[in-house]
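Chemist: My file is my_file.pdb. It has PDB, C-alpha atoms and all ligand atoms:
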```pdb
ATOM      1  CA  MET A   1     100.172 -40.488-114.649
ATOM      2  CA  VAL A   2     102.603 -43.299-113.824
ATOM      3  CA  LYS A   3     106.190 -42.781-114.874
ATOM      4  CA  VAL A   4     107.901 -45.726-116.500
ATOM      5  CA  GLY A   5     111.668 -45.821-116.893
ATOM      6  CA  ILE A   6     113.030 -47.493-120.015
ATOM      7  CA  LEU A   7     116.555 -48.819-119.635
ATOM      8  CA  ALA A   8     118.241 -47.098-122.564
ATOM      9  CA  LEU A   9     121.754 -48.543-122.708
ATOM     10  CA  GLN A  10     121.202 -50.703-125.792
ATOM     11  CA  GLY A  11     118.395 -52.344-127.780
ATOM     12  CA  ASP A  12     114.862 -51.347-128.781
ATOM     13  CA  PHE A  13     114.108 -48.895-125.980
ATOM     14  CA  ASP A  14     112.522 -46.364-128.321
ATOM     15  CA  ALA A  15     109.765 -48.817-129.351
ATOM     16  CA  HIS A  16     108.961 -49.367-125.646
ATOM     17  CA  LYS A  17     108.757 -45.626-125.037
ATOM     18  CA  LYS A  18     106.141 -45.338-127.748
ATOM     19  CA  ALA A  19     104.295 -48.444-126.492
ATOM     20  CA  VAL A  20     104.118 -46.996-122.954
ATOM     21  CA  GLU A  21     102.716 -43.764-124.351
ATOM     22  CA  ARG A  22     100.138 -45.697-126.415
ATOM     23  CA  ALA A  23      99.128 -47.487-123.194
ATOM     24  CA  GLY A  24      98.586 -44.154-121.423
ATOM     25  CA  GLY A  25     101.779 -43.865-119.368
ATOM     26  CA  SER A  26     104.688 -41.486-119.492
ATOM     27  CA  ALA A  27     108.111 -42.911-120.377
ATOM     28  CA  VAL A  28     111.581 -41.637-119.483
ATOM     29  CA  GLU A  29     114.950 -43.064-120.459
ATOM     30  CA  VAL A  30     117.056 -44.528-117.652
ATOM     31  CA  ARG A  31     120.842 -44.672-117.895
ATOM     32  CA  SER A  32     122.002 -44.337-114.292
ATOM     33  CA  ALA A  33     121.100 -45.263-110.721
ATOM     34  CA  HIS A  34     120.121 -41.630-110.227
ATOM     35  CA  ASP A  35     117.560 -41.860-113.074
ATOM     36  CA  LEU A  36     115.852 -44.755-111.242
ATOM     37  CA  GLU A  37     114.873 -42.427-108.402
ATOM     38  CA  ALA A  38     112.412 -40.610-110.654
ATOM     39  CA  VAL A  39     110.419 -43.621-111.934
ATOM     40  CA  ASP A  40     107.726 -45.965-110.576
ATOM     41  CA  GLY A  41     108.740 -49.002-112.624
ATOM     42  CA  LEU A  42     111.184 -50.047-115.307
ATOM     43  CA  ILE A  43     111.221 -51.774-118.683
ATOM     44  CA  ILE A  44     114.332 -53.631-119.817
ATOM     45  CA  PRO A  45     114.064 -53.862-123.613
ATOM     46  CA  GLY A  46     115.111 -56.464-126.128
ATOM     47  CA  GLY A  47     118.525 -56.266-127.709
ATOM     48  CA  GLU A  48     121.616 -58.272-126.950
ATOM     49  CA  SER A  49     121.683 -59.448-123.341
ATOM     50  CA  THR A  50     125.456 -60.038-123.261
ATOM     51  CA  THR A  51     126.136 -56.474-124.432
ATOM     52  CA  MET A  52     123.554 -55.032-122.051
ATOM     53  CA  LEU A  53     124.994 -57.035-119.166
ATOM     54  CA  LYS A  54     128.482 -55.727-119.920
ATOM     55  CA  LEU A  55     127.197 -52.139-119.952
ATOM     56  CA  LEU A  56     125.274 -52.686-116.697
ATOM     57  CA  GLN A  57     128.422 -54.023-115.055
ATOM     58  CA  GLU A  58     130.552 -51.145-116.381
ATOM     59  CA  GLU A  59     128.028 -48.586-115.146
ATOM     60  CA  ALA A  60     127.797 -50.395-111.757
ATOM     61  CA  LEU A  61     124.040 -50.721-112.280
ATOM     62  CA  MET A  62     123.507 -54.376-111.306
ATOM     63  CA  GLU A  63     123.032 -53.757-107.571
ATOM     64  CA  PRO A  64     120.909 -50.596-107.964
ATOM     65  CA  LEU A  65     118.643 -52.523-110.372
ATOM     66  CA  ARG A  66     118.321 -55.476-107.972
ATOM     67  CA  GLU A  67     117.450 -53.047-105.197
ATOM     68  CA  PHE A  68     114.923 -51.233-107.427
ATOM     69  CA  GLY A  69     113.327 -54.549-108.448
ATOM     70  CA  ARG A  70     112.787 -55.589-104.845
ATOM     71  CA  GLN A  71     110.409 -52.644-104.471
ATOM     72  CA  HIS A  72     109.116 -51.782-107.949
ATOM     73  CA  PRO A  73     107.726 -53.586-110.989
ATOM     74  CA  ILE A  74     110.103 -54.427-113.833
ATOM     75  CA  PHE A  75     109.068 -55.741-117.256
ATOM     76  CA  GLY A  76     111.731 -57.433-119.389
ATOM     77  CA  THR A  77     111.283 -58.352-123.038
ATOM     78  CA  CYS A  78     113.544 -60.887-124.710
ATOM     79  CA  ALA A  79     117.097 -59.786-123.764
ATOM     80  CA  GLY A  80     115.405 -57.992-120.838
ATOM     81  CA  ALA A  81     113.766 -61.286-119.818
ATOM     82  CA  ILE A  82     117.177 -62.971-119.920
ATOM     83  CA  LEU A  83     118.580 -60.253-117.644
ATOM     84  CA  LEU A  84     115.707 -60.581-115.145
ATOM     85  CA  ALA A  85     115.670 -64.405-114.969
ATOM     86  CA  ASN A  86     116.968 -66.425-112.049
ATOM     87  CA  GLU A  87     118.702 -68.888-114.322
ATOM     88  CA  VAL A  88     120.266 -68.409-117.763
ATOM     89  CA  SER A  89     121.691 -71.128-119.980
ATOM     90  CA  SER A  90     123.199 -71.593-123.434
ATOM     91  CA  PRO A  91     125.513 -70.092-122.408
ATOM     92  CA  ALA A  92     125.104 -69.312-118.712
ATOM     93  CA  GLN A  93     125.614 -65.665-117.781
ATOM     94  CA  GLU A  94     125.066 -63.428-114.785
ATOM     95  CA  SER A  95     121.572 -62.012-114.357
ATOM     96  CA  LEU A  96     119.585 -59.868-111.950
ATOM     97  CA  GLY A  97     117.699 -62.884-110.563
ATOM     98  CA  LEU A  98     114.480 -60.938-109.999
ATOM     99  CA  ILE A  99     111.990 -63.412-111.488
ATOM    100  CA  ASP A 100     111.767 -67.127-110.825
ATOM    101  CA  VAL A 101     112.142 -68.493-114.340
ATOM    102  CA  GLY A 102     114.903 -70.353-116.146
ATOM    103  CA  VAL A 103     115.653 -69.274-119.723
ATOM    104  CA  GLU A 104     117.641 -70.819-122.532
ATOM    105  CA  ARG A 105     119.040 -68.232-124.922
ATOM    106  CA  ASN A 106     118.453 -68.361-128.690
ATOM    107  CA  ALA A 107     116.580 -71.601-128.127
ATOM    108  CA  TYR A 108     114.131 -71.534-131.025
ATOM    109  CA  GLY A 109     117.002 -72.144-133.430
ATOM    110  CA  ARG A 110     117.120 -71.105-137.055
ATOM    111  CA  GLN A 111     113.539 -72.016-137.999
ATOM    112  CA  LEU A 112     112.198 -69.494-135.543
ATOM    113  CA  ASP A 113     114.987 -66.974-135.722
ATOM    114  CA  SER A 114     112.508 -64.193-136.334
ATOM    115  CA  ARG A 115     108.825 -64.744-136.886
ATOM    116  CA  ILE A 116     105.401 -63.261-136.293
ATOM    117  CA  ALA A 117     102.690 -65.658-135.091
ATOM    118  CA  ALA A 118      99.170 -65.316-133.724
ATOM    119  CA  ILE A 119      98.745 -66.695-130.205
ATOM    120  CA  THR A 120      95.800 -67.020-127.866
ATOM    121  CA  PRO A 121      96.731 -65.720-124.411
ATOM    122  CA  GLU A 122      95.651 -67.691-121.328
ATOM    123  CA  PRO A 123      92.098 -67.009-120.067
ATOM    124  CA  ASP A 124      93.626 -65.367-116.980
ATOM    125  CA  PHE A 125      95.347 -62.767-119.201
ATOM    126  CA  GLN A 126      92.265 -62.231-121.362
ATOM    127  CA  SER A 127      89.983 -61.667-118.401
ATOM    128  CA  ARG A 128      92.357 -59.130-116.836
ATOM    129  CA  ALA A 129      93.729 -57.405-119.913
ATOM    130  CA  GLY A 130      91.067 -57.810-122.593
ATOM    131  CA  SER A 131      89.999 -60.664-124.816
ATOM    132  CA  GLY A 132      91.285 -61.765-128.183
ATOM    133  CA  ASP A 133      94.335 -63.238-129.860
ATOM    134  CA  MET A 134      97.681 -61.521-129.784
ATOM    135  CA  GLU A 135     100.438 -60.973-132.308
ATOM    136  CA  ALA A 136     103.673 -62.601-131.075
ATOM    137  CA  VAL A 137     106.874 -61.184-132.556
ATOM    138  CA  PHE A 138     109.923 -63.424-132.050
ATOM    139  CA  ILE A 139     113.455 -62.109-132.649
ATOM    140  CA  ARG A 140     116.204 -64.583-131.722
ATOM    141  CA  ALA A 141     114.095 -65.328-128.684
ATOM    142  CA  PRO A 142     115.018 -67.371-125.617
ATOM    143  CA  ILE A 143     112.698 -70.153-124.413
ATOM    144  CA  ILE A 144     111.419 -70.089-120.855
ATOM    145  CA  ARG A 145     112.274 -73.632-119.726
ATOM    146  CA  ARG A 146     111.313 -73.411-116.067
ATOM    147  CA  VAL A 147     108.629 -71.386-114.310
ATOM    148  CA  GLY A 148     108.745 -71.104-110.511
ATOM    149  CA  PRO A 149     105.788 -72.241-108.384
ATOM    150  CA  ASN A 150     104.581 -68.690-107.689
ATOM    151  CA  ALA A 151     104.910 -67.439-111.248
ATOM    152  CA  ARG A 152     101.932 -67.358-113.627
ATOM    153  CA  VAL A 153     102.076 -68.120-117.324
ATOM    154  CA  LEU A 154      99.930 -65.572-119.196
ATOM    155  CA  ALA A 155     100.599 -66.765-122.755
ATOM    156  CA  ARG A 156     102.244 -69.680-124.537
ATOM    157  CA  TYR A 157     103.452 -70.513-128.019
ATOM    158  CA  HIS A 158     103.464 -74.217-128.932
ATOM    159  CA  GLY A 159     103.284 -75.011-125.224
ATOM    160  CA  ASP A 160     106.259 -72.894-124.162
ATOM    161  CA  PRO A 161     105.576 -69.869-121.941
ATOM    162  CA  VAL A 162     106.151 -66.551-123.737
ATOM    163  CA  LEU A 163     104.613 -64.186-121.170
ATOM    164  CA  VAL A 164     105.079 -64.797-117.432
ATOM    165  CA  GLU A 165     104.213 -62.766-114.352
ATOM    166  CA  ASP A 166     105.715 -63.248-110.905
ATOM    167  CA  GLY A 167     104.327 -60.733-108.440
ATOM    168  CA  ARG A 168     105.655 -57.338-109.494
ATOM    169  CA  GLN A 169     107.780 -58.653-112.342
ATOM    170  CA  VAL A 170     106.767 -59.540-115.904
ATOM    171  CA  VAL A 171     108.856 -61.165-118.626
ATOM    172  CA  ALA A 172     108.086 -61.774-122.289
ATOM    173  CA  THR A 173     110.156 -63.647-124.839
ATOM    174  CA  ILE A 174     108.070 -61.894-127.498
ATOM    175  CA  HIS A 175     108.056 -58.183-128.350
ATOM    176  CA  PRO A 176     104.673 -56.594-127.523
ATOM    177  CA  GLU A 177     106.271 -53.166-128.038
ATOM    178  CA  LEU A 178     106.436 -53.936-131.775
ATOM    179  CA  SER A 179     102.698 -54.651-132.072
ATOM    180  CA  THR A 180      99.844 -52.172-131.951
ATOM    181  CA  ASP A 181      98.098 -54.250-129.246
ATOM    182  CA  SER A 182      98.664 -52.366-125.964
ATOM    183  CA  ARG A 183      97.321 -54.971-123.548
ATOM    184  CA  VAL A 184     100.672 -56.187-122.184
ATOM    185  CA  HIS A 185     101.937 -52.660-121.525
ATOM    186  CA  GLU A 186      98.577 -51.719-119.988
ATOM    187  CA  LEU A 187      98.739 -54.726-117.659
ATOM    188  CA  PHE A 188     102.266 -53.725-116.626
ATOM    189  CA  LEU A 189     101.290 -50.077-116.106
ATOM    190  CA  ARG A 190      98.499 -51.119-113.734
ATOM    191  CA  LYS A 191     101.165 -52.654-111.461
ATOM    192  CA  LEU A 192     102.731 -49.217-111.041
ATOM    193  CA  ALA A 193      99.597 -47.332-110.095
TER     194      ALA A 193
HETATM  195  N1  LIG B 201     119.249 -63.365-128.521
HETATM  196  C1  LIG B 201     119.305 -62.181-127.704
HETATM  197  C2  LIG B 201     120.099 -62.420-126.428
HETATM  198  O1  LIG B 201     120.452 -63.516-126.115
HETATM  199  C3  LIG B 201     117.932 -61.685-127.348
HETATM  200  C4  LIG B 201     117.209 -61.251-128.591
HETATM  201  C5  LIG B 201     116.237 -60.118-128.387
HETATM  202  O2  LIG B 201     116.238 -59.415-127.380
HETATM  203  N2  LIG B 201     115.438 -59.896-129.384
HETATM  204  O3  LIG B 201     120.370 -61.485-125.731
END
```
If you convert what's in this file into C-alpha cells, what do you get?
Ligand code: GLN
Modeler:
Amino acid sequence: MVKVGILALQGDFDAHKKAVERAGGSAVEVRSAHDLEAVDGLIIPGGESTTMLKLLQEEALMEPLREFGRQHPIFGTCAGAILLANEVSSPAQESLGLIDVGVERNAYGRQLDSRIAAITPEPDFQSRAGSGDMEAVFIRAPIIRRVGPNARVLARYHGDPVLVEDGRQVVATIHPELSTDSRVHELFLRKLA
C-alpha cells in the first residue's frame, strides 16, 4: 500500500488523512524532514498559507520539501496550492515553486468566500479517474491565473482552473478532501505507486 505523508503543521490535515484512507492509501502525519523519509508522496492541506509558510521557515522545512518534490509527487489543496505554486500574488509571498502555475490569493472575493458548487471535470480527468460531475468546495480560495505550458487543467469553475496537474505535482483550489468523491485522491495515489 502506498504511504502518503500529510503535512500536519496547520490546516485541515485530518480531513486529508481520512480522504487518503477512503481512496485506499495509508496516511501518516509529516512534521519534520525526517518524517519525509518514510513516505512516497505528500499532501499539503488547506489552511492559511502565510501561517504555514512561517512554520515551514521556522522548522527549516522549505529546502527539504523542495528536494522531496523534485523526486516525489506532492498534492496541494488551496493554501497547499499557494505554497506549491511558482508565482503568488495578492500579496506576493515565498513559495516552494514546484508547479508551474501562478495563483492570486483570496481572489474570488466576498461573493465566493465559501461555497459548494457542482462542476464537470475535463474529459481527460473523467476518462482517467471516472466519469461524472464533482462537488467543488471553495473556502477563501485562490484563483489560478496562469498555467504553464506543460501543466494540464483537469477541472474548471466558470472558466478558471481549479484542478491542475504538472507531471508529479497536483494542485486544487477546491477541497476534494471535504467531499465523499474519492477520484482526486485516487488519481494522486496512482502517481505514487
Ligand atoms: N485564503 C487562504 C490562504 O491564502 C487559503 C484558504 C484555504 O486553504 N482554504 O492561505
Chemist: Chain A near ligand LIG 201 (chain B) within 9 Å: what's each residue's closest atom pair and its distance in Å to one decimal, counting only C-alpha atoms and all ligand atoms, ordered by chain then ascending residue number, as a tab-separated table?
Modeler:
```
residue	atom	partner	partner_atom	distance
A:Gly11	CA	B:LIG201	O2	7.4
A:Asp12	CA	B:LIG201	O2	8.3
A:Pro45	CA	B:LIG201	O2	7.1
A:Gly46	CA	B:LIG201	O2	3.4
A:Gly47	CA	B:LIG201	O2	3.9
A:Glu48	CA	B:LIG201	O3	3.7
A:Ser49	CA	B:LIG201	O3	3.4
A:Thr50	CA	B:LIG201	O3	5.8
A:Thr51	CA	B:LIG201	O3	7.7
A:Met52	CA	B:LIG201	O3	8.1
A:Thr77	CA	B:LIG201	O2	6.7
A:Cys78	CA	B:LIG201	O2	4.1
A:Ala79	CA	B:LIG201	O2	3.7
A:Gly80	CA	B:LIG201	O2	6.7
A:Ala81	CA	B:LIG201	O2	8.2
A:Ile82	CA	B:LIG201	O3	6.8
A:Leu83	CA	B:LIG201	O3	8.4
A:Ser90	CA	B:LIG201	O1	8.9
A:Glu104	CA	B:LIG201	O1	8.6
A:Arg105	CA	B:LIG201	O1	5.1
A:Asn106	CA	B:LIG201	N1	5.1
A:Ala107	CA	B:LIG201	N1	8.7
A:Ser114	CA	B:LIG201	N2	8.7
A:Phe138	CA	B:LIG201	N2	7.1
A:Ile139	CA	B:LIG201	N2	4.4
A:Arg140	CA	B:LIG201	N1	4.6
A:Ala141	CA	B:LIG201	C4	5.1
A:Pro142	CA	B:LIG201	N1	6.5
A:Thr173	CA	B:LIG201	O2	7.8
A:Ile174	CA	B:LIG201	N2	7.9
A:His175	CA	B:LIG201	N2	7.6
```
Chemist: Choose the residue, out of A:Asp133, A:Glu122, A:Glu58, A:Asp40, that has the smallest atom-to-atom separation from Ser26 (chain A); count only C-alpha atoms.
Modeler: A:Asp40
Chemist: Which residue gives the smallest distance to Leu36 (chain A) among A:Ala23, A:Lys54, A:Val4, A:Ala60, with all atoms listed in the file counted?
Modeler: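 The answer is A:Val4, which sits nearest to Leu36 (chain A).
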Chemist: Between A:Gly5, A:Gly25, A:Pro91, A:Gly109, which residue has the minimum interatomic distance to Phe75 (chain A), considering only C-alpha atoms?
Modeler: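 So, comparing all the options, the nearest one is A:Gly5.
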Chemist: Set up a box along x, y and z of the file covering all listed atoms of region 35-43 of chain A, add 8 Å on every one of the six sides, and write the centre and edge lengths in Å to one decimal, as JSON.
Modeler:
```
{"center_x": 112.6, "center_y": -46.2, "center_z": -113.5, "size_x": 25.8, "size_y": 27.2, "size_z": 26.3}
```
Chemist: Report the distance between CA of Leu56 (chain A) and CA of Ala8 (chain A) in Å, rounded to one decimal place.
Modeler: 10.7 Å
Chemist: CA of Phe13 (chain A) to CA of Glu165 (chain A): how many Å, to one decimal?
Modeler: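 Value for the CA of Phe13 (chain A)-CA of Glu165 (chain A) distance: 20.6 Å.
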Chemist: Could you check which of A:Asp124, A:Glu21, A:Asp181, A:Asp166 is closest to Leu154 (chain A), using all atoms listed in the file?
Modeler: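 That would be A:Asp124, the residue with the smallest distance to Leu154 (chain A).
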Chemist: Could you pull out every residue with an atom within 10 Å of (93.0, -57.3, -122.7), file coordinates, counting all atoms listed in the file, and send them as a PyMOL selection string?
Modeler: chain A and resi 121+124-134+181-184+186-187
Chemist: If you measure from CA of Arg115 (chain A) to CA of Gly148 (chain A), what distance in Å do you get, rounded to one decimal?
Modeler: 27.1 Å
Chemist: Write out as a list of chain:residue names the residues lying within 12 Å of region 68-70 of chain A, counting all atoms listed in the file and excluding same-chain residues fewer than 5 positions away.
Modeler: A:Gly5, A:Ala33, A:His34, A:Asp35, A:Leu36, A:Glu37, A:Ala38, A:Val39, A:Asp40, A:Gly41, A:Leu42, A:Ile43, A:Ile44, A:Leu61, A:Met62, A:Glu63, A:Phe75, A:Gly76, A:Leu84, A:Leu96, A:Gly97, A:Leu98, A:Ile99, A:Asp166, A:Gly167, A:Arg168, A:Gln169, A:Val170
Chemist: Ranking A:Ile74, A:Ala85, A:Ala19, A:Val101 by minimum distance to Phe188 (chain A) and counting only C-alpha atoms, which one comes first?
Modeler: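 With only C-alpha atoms as the atom set, the closest residue is A:Ile74.
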Chemist: Between A:Val30, A:Leu65, A:Ala118, A:Ala172, which one has atoms that come closest to His158 (chain A), using all atoms listed in the file?
Modeler: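 Looking at the shortest contact to His158 (chain A), the residue is A:Ala118.
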